[in-house]
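> Sharing work20.txt, compact mmCIF, C-alpha atoms and all ligand atoms:
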# COMPACT_ATOMS: atom_id res chain seq x y z
CA MET A 423 -55.46 -6.62 20.21
CA LYS A 424 -54.64 -5.92 16.54
CA LYS A 425 -52.41 -3.08 17.66
CA ILE A 426 -50.44 -5.36 19.99
CA ILE A 427 -49.87 -7.88 17.21
CA LYS A 428 -48.67 -5.09 14.95
CA LEU A 429 -46.33 -3.79 17.63
CA THR A 430 -44.91 -7.25 18.31
CA ALA A 431 -44.36 -7.75 14.61
CA ALA A 432 -42.57 -4.42 14.37
CA LEU A 433 -40.40 -5.30 17.34
CA ALA A 434 -39.53 -8.69 15.86
CA MET A 435 -38.58 -7.04 12.60
CA ALA A 436 -36.39 -4.50 14.37
CA LEU A 437 -34.63 -7.27 16.26
CA ALA A 438 -34.10 -9.25 13.07
CA LEU A 439 -32.56 -6.16 11.50
CA VAL A 440 -30.18 -5.68 14.41
CA PHE A 441 -29.09 -9.33 14.12
CA ALA A 442 -28.59 -9.08 10.38
CA PHE A 443 -26.51 -5.94 10.83
CA THR A 444 -24.24 -7.48 13.47
CA ALA A 445 -23.74 -10.57 11.31
CA CYS A 446 -22.73 -8.39 8.34
CA GLY A 447 -20.11 -6.60 10.40
CA GLY A 448 -18.42 -9.93 11.10
CA SER A 449 -15.46 -10.58 13.35
CA ASP A 450 -11.96 -9.38 12.53
CA GLU A 451 -10.95 -12.83 11.31
CA GLU A 452 -13.87 -12.88 8.93
CA LYS A 453 -12.88 -9.49 7.56
CA GLU A 454 -9.30 -10.60 6.96
CA ALA A 455 -10.49 -13.73 5.20
CA ALA A 456 -12.39 -11.48 2.83
CA ALA A 457 -9.24 -9.47 1.97
CA VAL A 458 -8.77 -8.72 -1.69
CA LYS A 459 -7.17 -11.54 -3.70
CA THR A 460 -3.63 -10.93 -4.92
CA VAL A 461 -1.01 -13.07 -6.66
CA THR A 462 0.65 -13.91 -3.33
CA GLU A 463 -1.62 -13.84 -0.29
CA GLY A 464 -0.99 -10.85 1.95
CA GLU A 465 1.27 -9.12 -0.60
CA LEU A 466 0.79 -6.52 -3.32
CA HIS A 467 3.32 -7.06 -6.10
CA MET A 468 4.25 -3.97 -8.10
CA ALA A 469 5.81 -4.47 -11.52
CA THR A 470 8.12 -1.58 -12.36
CA ASN A 471 11.38 -0.51 -13.99
CA ALA A 472 13.34 1.13 -11.20
CA ALA A 473 15.47 3.37 -13.42
CA PHE A 474 12.94 6.14 -13.80
CA PRO A 475 13.61 8.83 -11.21
CA PRO A 476 11.79 10.43 -9.44
CA TYR A 477 8.98 7.84 -9.91
CA GLU A 478 10.98 4.69 -9.16
CA MET A 479 14.65 4.16 -8.45
CA THR A 480 16.88 2.12 -6.19
CA SER A 481 17.72 3.62 -2.81
CA ASP A 482 21.12 3.65 -1.09
CA ASP A 483 20.07 0.83 1.23
CA GLY A 484 19.35 -1.47 -1.72
CA GLY A 485 15.57 -0.97 -1.59
CA PHE A 486 13.33 1.10 -3.82
CA GLU A 487 12.01 4.63 -3.55
CA GLY A 488 10.20 7.26 -5.58
CA ILE A 489 6.73 8.71 -6.14
CA ASP A 490 5.19 5.49 -7.51
CA VAL A 491 6.80 3.36 -4.80
CA GLU A 492 5.43 5.57 -2.01
CA ILE A 493 1.94 5.79 -3.52
CA ALA A 494 1.92 1.99 -3.92
CA GLU A 495 3.05 1.63 -0.30
CA ALA A 496 0.17 3.84 0.86
CA ILE A 497 -2.30 1.82 -1.24
CA ALA A 498 -0.96 -1.48 0.13
CA LYS A 499 -1.26 -0.15 3.69
CA LYS A 500 -4.91 0.76 3.15
CA LEU A 501 -5.59 -2.75 1.83
CA ASP A 502 -3.69 -4.38 4.67
CA LEU A 503 -1.12 -5.85 2.25
CA LYS A 504 2.67 -5.77 2.18
CA LEU A 505 4.12 -4.02 -0.87
CA VAL A 506 6.72 -5.98 -2.84
CA VAL A 507 8.50 -4.08 -5.64
CA ASP A 508 9.56 -6.27 -8.58
CA ASP A 509 12.12 -4.55 -10.81
CA MET A 510 12.15 -5.60 -14.49
CA ASP A 511 12.57 -4.24 -18.04
CA PHE A 512 9.94 -1.65 -18.87
CA THR A 513 8.70 -3.86 -21.74
CA SER A 514 7.72 -6.58 -19.20
CA VAL A 515 5.78 -4.31 -16.85
CA ILE A 516 2.40 -4.61 -18.61
CA THR A 517 2.81 -8.18 -19.86
CA SER A 518 3.63 -9.48 -16.36
CA VAL A 519 0.36 -8.02 -15.02
CA GLN A 520 -1.54 -9.26 -18.03
CA SER A 521 -0.27 -12.81 -17.55
CA GLY A 522 -1.15 -12.78 -13.84
CA LYS A 523 2.43 -12.80 -12.47
CA GLU A 524 2.14 -9.33 -10.92
CA ASP A 525 -0.70 -7.40 -9.27
CA ILE A 526 -0.13 -3.82 -10.40
CA ALA A 527 1.86 -2.14 -13.17
CA MET A 528 3.19 1.15 -11.86
CA ALA A 529 6.07 2.68 -13.76
CA GLY A 530 5.27 6.26 -14.70
CA LEU A 531 2.98 4.33 -16.99
CA THR A 532 1.14 6.38 -19.59
CA VAL A 533 -2.48 5.53 -20.39
CA ASN A 534 -3.02 4.90 -24.09
CA GLU A 535 -5.56 3.06 -26.24
CA GLU A 536 -3.21 0.22 -27.17
CA ARG A 537 -2.36 -0.54 -23.53
CA LYS A 538 -6.04 -0.29 -22.54
CA LYS A 539 -6.61 -3.43 -24.61
CA ASN A 540 -4.23 -5.33 -22.32
CA VAL A 541 -4.88 -3.95 -18.82
CA ASP A 542 -7.46 -1.83 -17.01
CA PHE A 543 -6.20 1.55 -15.86
CA THR A 544 -7.10 3.21 -12.57
CA GLU A 545 -7.74 6.93 -12.24
CA THR A 546 -4.70 8.94 -13.21
CA TYR A 547 -2.47 10.29 -10.46
CA ALA A 548 0.14 12.35 -12.36
CA LYS A 549 0.84 14.02 -15.68
CA GLY A 550 3.84 13.30 -17.87
CA VAL A 551 5.23 15.43 -20.67
CA GLN A 552 7.43 13.89 -23.35
CA SER A 553 10.48 16.13 -23.44
CA ILE A 554 13.65 16.44 -25.47
CA ILE A 555 17.18 16.28 -24.05
CA VAL A 556 20.03 17.54 -26.25
CA THR A 557 23.66 18.51 -25.76
CA GLU A 558 24.26 22.15 -24.81
CA ASP A 559 25.67 23.01 -28.26
CA SER A 560 22.86 21.31 -30.19
CA ASP A 561 21.07 22.96 -33.14
CA ILE A 562 17.84 21.16 -32.17
CA LYS A 563 15.59 23.86 -30.72
CA LYS A 564 12.07 22.44 -31.11
CA PRO A 565 10.36 19.08 -31.78
CA ALA A 566 10.24 19.64 -35.57
CA ASP A 567 14.05 19.91 -35.62
CA LEU A 568 14.23 16.21 -34.74
CA LYS A 569 13.49 15.44 -38.40
CA GLY A 570 16.41 13.53 -39.91
CA LYS A 571 18.25 13.39 -36.58
CA LYS A 572 19.20 10.31 -34.59
CA ILE A 573 16.86 9.98 -31.62
CA GLY A 574 17.37 7.78 -28.56
CA CYS A 575 14.42 6.46 -26.56
CA GLN A 576 13.67 3.87 -23.95
CA ASP A 577 12.34 0.64 -25.44
CA GLY A 578 8.55 0.21 -25.40
CA THR A 579 7.75 3.71 -24.16
CA THR A 580 5.28 6.22 -25.55
CA GLY A 581 8.30 8.43 -26.40
CA TYR A 582 9.56 5.63 -28.66
CA ILE A 583 6.12 5.15 -30.23
CA TYR A 584 5.66 8.88 -31.02
CA CYS A 585 9.17 9.32 -32.38
CA SER A 586 9.07 6.30 -34.65
CA GLU A 587 5.65 7.37 -35.97
CA ASP A 588 6.69 11.00 -36.52
CA PHE A 589 10.29 10.63 -37.63
CA GLY A 590 10.54 7.05 -38.94
CA ASP A 591 11.68 3.84 -37.28
CA LYS A 592 15.16 3.96 -38.74
CA ASN A 593 15.89 7.28 -37.01
CA VAL A 594 15.01 6.00 -33.54
CA THR A 595 17.26 3.78 -31.46
CA SER A 596 15.76 2.08 -28.43
CA TYR A 597 17.71 1.51 -25.22
CA ASN A 598 16.96 -0.68 -22.23
CA ASN A 599 16.37 2.30 -19.97
CA GLY A 600 16.55 6.08 -19.92
CA ALA A 601 20.02 6.19 -18.39
CA THR A 602 21.61 4.21 -21.25
CA ALA A 603 19.83 6.40 -23.83
CA VAL A 604 21.33 9.46 -22.09
CA GLN A 605 24.80 7.84 -22.14
CA ALA A 606 24.39 7.35 -25.91
CA LEU A 607 23.62 11.08 -26.24
CA ILE A 608 26.71 12.00 -24.22
CA GLY A 609 28.79 9.60 -26.34
CA GLY A 610 27.51 11.20 -29.57
CA LYS A 611 25.67 8.08 -30.79
CA VAL A 612 22.34 9.94 -30.88
CA ASP A 613 21.47 13.64 -31.29
CA ALA A 614 18.59 13.76 -28.81
CA VAL A 615 16.76 11.70 -26.21
CA VAL A 616 12.97 11.83 -25.92
CA ILE A 617 11.71 10.85 -22.48
CA ASP A 618 9.23 11.95 -19.78
CA ASN A 619 9.93 15.42 -18.33
CA ASN A 620 10.66 14.59 -14.69
CA PRO A 621 13.14 11.78 -15.41
CA ALA A 622 14.60 14.09 -18.11
CA LYS A 623 15.23 16.81 -15.51
CA GLU A 624 16.97 14.28 -13.24
CA PHE A 625 19.20 13.08 -16.10
CA VAL A 626 20.15 16.65 -17.09
CA LYS A 627 20.91 17.48 -13.45
CA SER A 628 23.20 14.48 -13.00
CA ASN A 629 25.10 14.75 -16.33
CA LYS A 630 27.21 17.71 -17.49
CA GLY A 631 26.79 19.26 -20.95
CA LEU A 632 23.10 18.46 -21.44
CA LYS A 633 20.01 20.64 -21.59
CA LEU A 634 16.29 20.16 -21.74
CA LEU A 635 14.30 21.94 -24.49
CA ASP A 636 11.47 23.91 -23.00
CA THR A 637 8.95 22.91 -25.67
CA ALA A 638 6.87 19.85 -24.83
CA TYR A 639 6.61 17.06 -27.38
CA ALA A 640 3.46 15.36 -26.00
CA GLU A 641 1.39 15.42 -22.81
CA GLU A 642 0.02 12.32 -21.14
CA ASP A 643 -1.49 10.82 -17.96
CA TYR A 644 0.02 8.21 -15.65
CA ALA A 645 -2.13 5.50 -14.05
CA ILE A 646 -1.88 2.02 -12.53
CA GLY A 647 -2.45 -1.00 -14.79
CA ILE A 648 -4.36 -4.02 -13.43
CA ASN A 649 -5.28 -7.41 -14.91
CA LYS A 650 -8.63 -7.24 -16.69
CA ASP A 651 -9.93 -10.28 -14.77
CA SER A 652 -9.06 -8.87 -11.32
CA LYS A 653 -12.15 -6.72 -10.85
CA ASP A 654 -12.05 -6.84 -7.01
CA LEU A 655 -8.40 -5.83 -6.93
CA TYR A 656 -9.18 -3.06 -9.41
CA GLU A 657 -11.96 -1.68 -7.19
CA ALA A 658 -9.79 -1.90 -4.07
CA VAL A 659 -6.72 -0.24 -5.62
CA ASN A 660 -8.69 2.41 -7.46
CA GLY A 661 -10.71 3.19 -4.31
CA ALA A 662 -7.56 3.50 -2.20
CA LEU A 663 -5.89 5.71 -4.82
CA LYS A 664 -8.97 7.95 -4.94
CA GLU A 665 -8.86 8.40 -1.15
CA LEU A 666 -5.13 9.15 -1.24
CA LYS A 667 -5.70 11.79 -3.91
CA GLU A 668 -8.58 13.34 -1.98
CA ASP A 669 -6.85 13.49 1.40
CA GLY A 670 -3.72 15.12 -0.08
CA THR A 671 -1.36 12.14 0.40
CA VAL A 672 -0.55 11.90 -3.33
CA ASP A 673 0.29 15.61 -3.50
CA LYS A 674 2.47 15.33 -0.43
CA ILE A 675 4.43 12.44 -1.94
CA VAL A 676 4.85 14.28 -5.27
CA ASP A 677 6.04 17.44 -3.48
CA LYS A 678 8.62 15.43 -1.58
CA TYR A 679 10.30 14.30 -4.81
CA ILE A 680 9.58 17.21 -7.16
CA LYS A 681 10.54 20.58 -5.80
CA ALA A 682 8.40 23.45 -7.09
CA GLU A 683 10.32 25.59 -9.56
N1 LIG B 1 5.53 7.27 -19.60
C1 LIG B 1 6.26 6.48 -20.52
C2 LIG B 1 5.43 5.29 -20.96
O1 LIG B 1 4.52 4.91 -20.27
C3 LIG B 1 7.60 6.03 -19.98
C4 LIG B 1 7.51 5.18 -18.77
C5 LIG B 1 8.85 4.58 -18.34
O2 LIG B 1 9.81 4.62 -19.06
N2 LIG B 1 8.92 4.03 -17.15
O3 LIG B 1 5.68 4.72 -21.97
Please render this file's structure as structure tokens.
Ligand code: GLN


Amino acid sequence: MKKIIKLTAALAMALALVFAFTACGGSDEEKEAAAVKTVTEGELHMATNAAFPPYEMTSDDGGFEGIDVEIAEAIAKKLDLKLVVDDMDFTSVITSVQSGKEDIAMAGLTVNEERKKNVDFTETYAKGVQSIIVTEDSDIKKPADLKGKKIGCQDGTTGYIYCSEDFGDKNVTSYNNGATAVQALIGGKVDAVVIDNNPAKEFVKSNKGLKLLDTAYAEEDYAIGINKDSKDLYEAVNGALKELKEDGTVDKIVDKYIKAE
């Protein structure tokens, strides 16, 4: 008799477990309702400055393309969201996420201690190297030669921060984006431009008379910035990015835009 009671109890427990499990799975509608919260329902807004090839730039059809744009698209797809790219000045990229206007900051964005106070960073997905562009006839051969020279940088970037710390504020001119800094170099207004290596290569390729020094100025990591109060979004985006790194999608996207030398 005792045995039977025990058996019945075990059976009841097993059944209860099965019920609990099915309830947890939920219907499709329930799953969608539990989708991660973003600024605009159903959309993932990416704050960027689309003048930073090959990470983000405008495409011929008026849209956006680049490594960051495609990685963000793949993340959005995994989270069942539609990616919306919002192009702005680089100096607004972090502040717009911090103030809750945008979901993710993705702009070849370097992780540093100062920025970590304002946003949470995901895992890194690429490396950047601060590099020096000069004119072909320049006497600047290495970073130390920048001393006393006029340097052009993009406003608010790590390149600007390093140069003003190392060579003095008055020697560094900031421009709205990399392309205008490069135009200033071509026009003789500055002697060098310090900017991330891959955009630097693109600028040298598309403008005559410029060269890239082969000594690196500083090495850094790129990651996605997310509002410190959006913990669920952070987990979702970071998890998706991790999967995309592991399954080779990130590498494939990088290889598409950066040809091996
Ligand atoms: N990696 C640099 C930074 O984060 C430059 C980024 C950019 O200009 N888009 O400051």

> Taking all atoms listed in the file and a cut-off of 8 Å, can you tell me which residues surround ligand LIG 1 (chain B), written as a PyMOL selection string?

chain A and resi 470-474+512+529-533+550+552+576-582+599-600+617-618+642+644

> Of the candidates A:Ala614, A:Met510, A:Ala601, A:Ile497, which shows the shortest atom-to-atom distance to Asn660 of chain A, using all atoms listed in the file?

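The answer is A:Ile497, which sits nearest to Asn660 of chain A.
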
> So that I can check the surroundings of Val461 of chain A, please list as a ChimeraX atom specification every protein, DNA and RNA residue that reaches within 8 Å of it, counting all atoms listed in the file and ignoring chain neighbours fewer than 5 positions away.

/A:466-467,522-525

> Have a look at atom CA of Glu535 of chain A and atom CA of Glu587 of chain A and let me know their distance in Å, one decimal.

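So the two atoms, atom CA of Glu535 of chain A and atom CA of Glu587 of chain A, lie 15.5 Å apart.
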
> With distances taken over all atoms listed in the file, which residue among A:Ser518, A:Thr513, A:Asn620, A:Asn649 lies nearest Tyr597 of chain A?

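Among A:Ser518, A:Thr513, A:Asn620, A:Asn649, it is A:Thr513 that comes nearest to Tyr597 of chain A.
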
> With distances taken over all atoms listed in the file, which residue among A:Tyr477, A:Lys681, A:Leu655, A:Thr460 lies nearest Lys549 of chain A?

A:Tyr477

> List as a PyMOL selection string: which residues have an atom within 9 Å of (4.2, 14.9, -7.9), counting all atoms listed in the file?

chain A and resi 476-477+489+547-549+672-681

> Do you know which residues are at most 6 Å from Val551 of chain A counting all atoms listed in the file, after dropping those on the same chain fewer than 4 positions away, and could you put them as a count of residues only?

4

> May I ask which of the residues A:Ala638, A:Pro475, A:Asp561, A:Ile583 is the closest one to Asn534 of chain A, counting all atoms listed in the file?

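Ranking A:Ala638, A:Pro475, A:Asp561, A:Ile583 by distance to Asn534 of chain A, first place goes to A:Ile583.
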
> Could you complete segment 536-553 of chain A so that it carries N, CA, C and O atoms, and give it back as a compact mmCIF listing (two decimals), keeping the file's coordinate frame?


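Written output follows (selection04.txt):
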# COMPACT_ATOMS: atom_id res chain seq x y z
N GLU A 536 -3.80 1.53 -26.93
CA GLU A 536 -3.21 0.22 -27.17
C GLU A 536 -3.07 -0.55 -25.85
O GLU A 536 -3.44 -1.72 -25.74
N ARG A 537 -2.56 0.11 -24.83
CA ARG A 537 -2.36 -0.54 -23.53
C ARG A 537 -3.69 -0.87 -22.85
O ARG A 537 -3.79 -1.85 -22.11
N LYS A 538 -4.71 -0.05 -23.12
CA LYS A 538 -6.04 -0.29 -22.54
C LYS A 538 -6.62 -1.62 -23.00
O LYS A 538 -7.51 -2.16 -22.37
N LYS A 539 -6.13 -2.13 -24.13
CA LYS A 539 -6.61 -3.43 -24.61
C LYS A 539 -6.04 -4.55 -23.74
O LYS A 539 -6.58 -5.63 -23.68
N ASN A 540 -4.93 -4.28 -23.07
CA ASN A 540 -4.23 -5.33 -22.32
C ASN A 540 -4.44 -5.28 -20.81
O ASN A 540 -4.38 -6.31 -20.14
N VAL A 541 -4.64 -4.10 -20.27
CA VAL A 541 -4.88 -3.95 -18.82
C VAL A 541 -5.95 -2.89 -18.60
O VAL A 541 -6.22 -2.09 -19.49
N ASP A 542 -6.54 -2.91 -17.39
CA ASP A 542 -7.46 -1.83 -17.01
C ASP A 542 -6.65 -0.78 -16.27
O ASP A 542 -5.79 -1.14 -15.44
N PHE A 543 -6.91 0.48 -16.54
CA PHE A 543 -6.20 1.55 -15.86
C PHE A 543 -7.06 2.19 -14.77
O PHE A 543 -8.25 2.41 -14.98
N THR A 544 -6.43 2.49 -13.64
CA THR A 544 -7.10 3.21 -12.57
C THR A 544 -7.23 4.67 -12.98
O THR A 544 -6.83 5.06 -14.08
N GLU A 545 -7.75 5.47 -12.05
CA GLU A 545 -7.74 6.93 -12.24
C GLU A 545 -6.30 7.36 -12.45
O GLU A 545 -5.38 6.68 -11.99
N THR A 546 -6.09 8.50 -13.06
CA THR A 546 -4.70 8.94 -13.21
C THR A 546 -4.26 9.66 -11.93
O THR A 546 -5.09 10.15 -11.17
N TYR A 547 -2.97 9.65 -11.68
CA TYR A 547 -2.47 10.29 -10.46
C TYR A 547 -1.35 11.29 -10.75
O TYR A 547 -0.85 11.95 -9.85
N ALA A 548 -0.93 11.39 -12.02
CA ALA A 548 0.14 12.35 -12.36
C ALA A 548 0.11 12.61 -13.86
O ALA A 548 -0.47 11.82 -14.62
N LYS A 549 0.73 13.72 -14.26
CA LYS A 549 0.84 14.02 -15.68
C LYS A 549 2.29 13.87 -16.12
O LYS A 549 3.20 14.19 -15.36
N GLY A 550 2.49 13.39 -17.33
CA GLY A 550 3.84 13.30 -17.87
C GLY A 550 3.89 14.13 -19.14
O GLY A 550 2.88 14.29 -19.82
N VAL A 551 5.06 14.67 -19.43
CA VAL A 551 5.23 15.43 -20.67
C VAL A 551 6.45 14.86 -21.37
O VAL A 551 7.53 14.80 -20.78
N GLN A 552 6.27 14.39 -22.61
CA GLN A 552 7.43 13.89 -23.35
C GLN A 552 8.31 15.08 -23.69
O GLN A 552 7.86 16.06 -24.27
N SER A 553 9.58 15.00 -23.29
CA SER A 553 10.48 16.13 -23.44
C SER A 553 11.74 15.71 -24.20
O SER A 553 12.01 14.52 -24.34
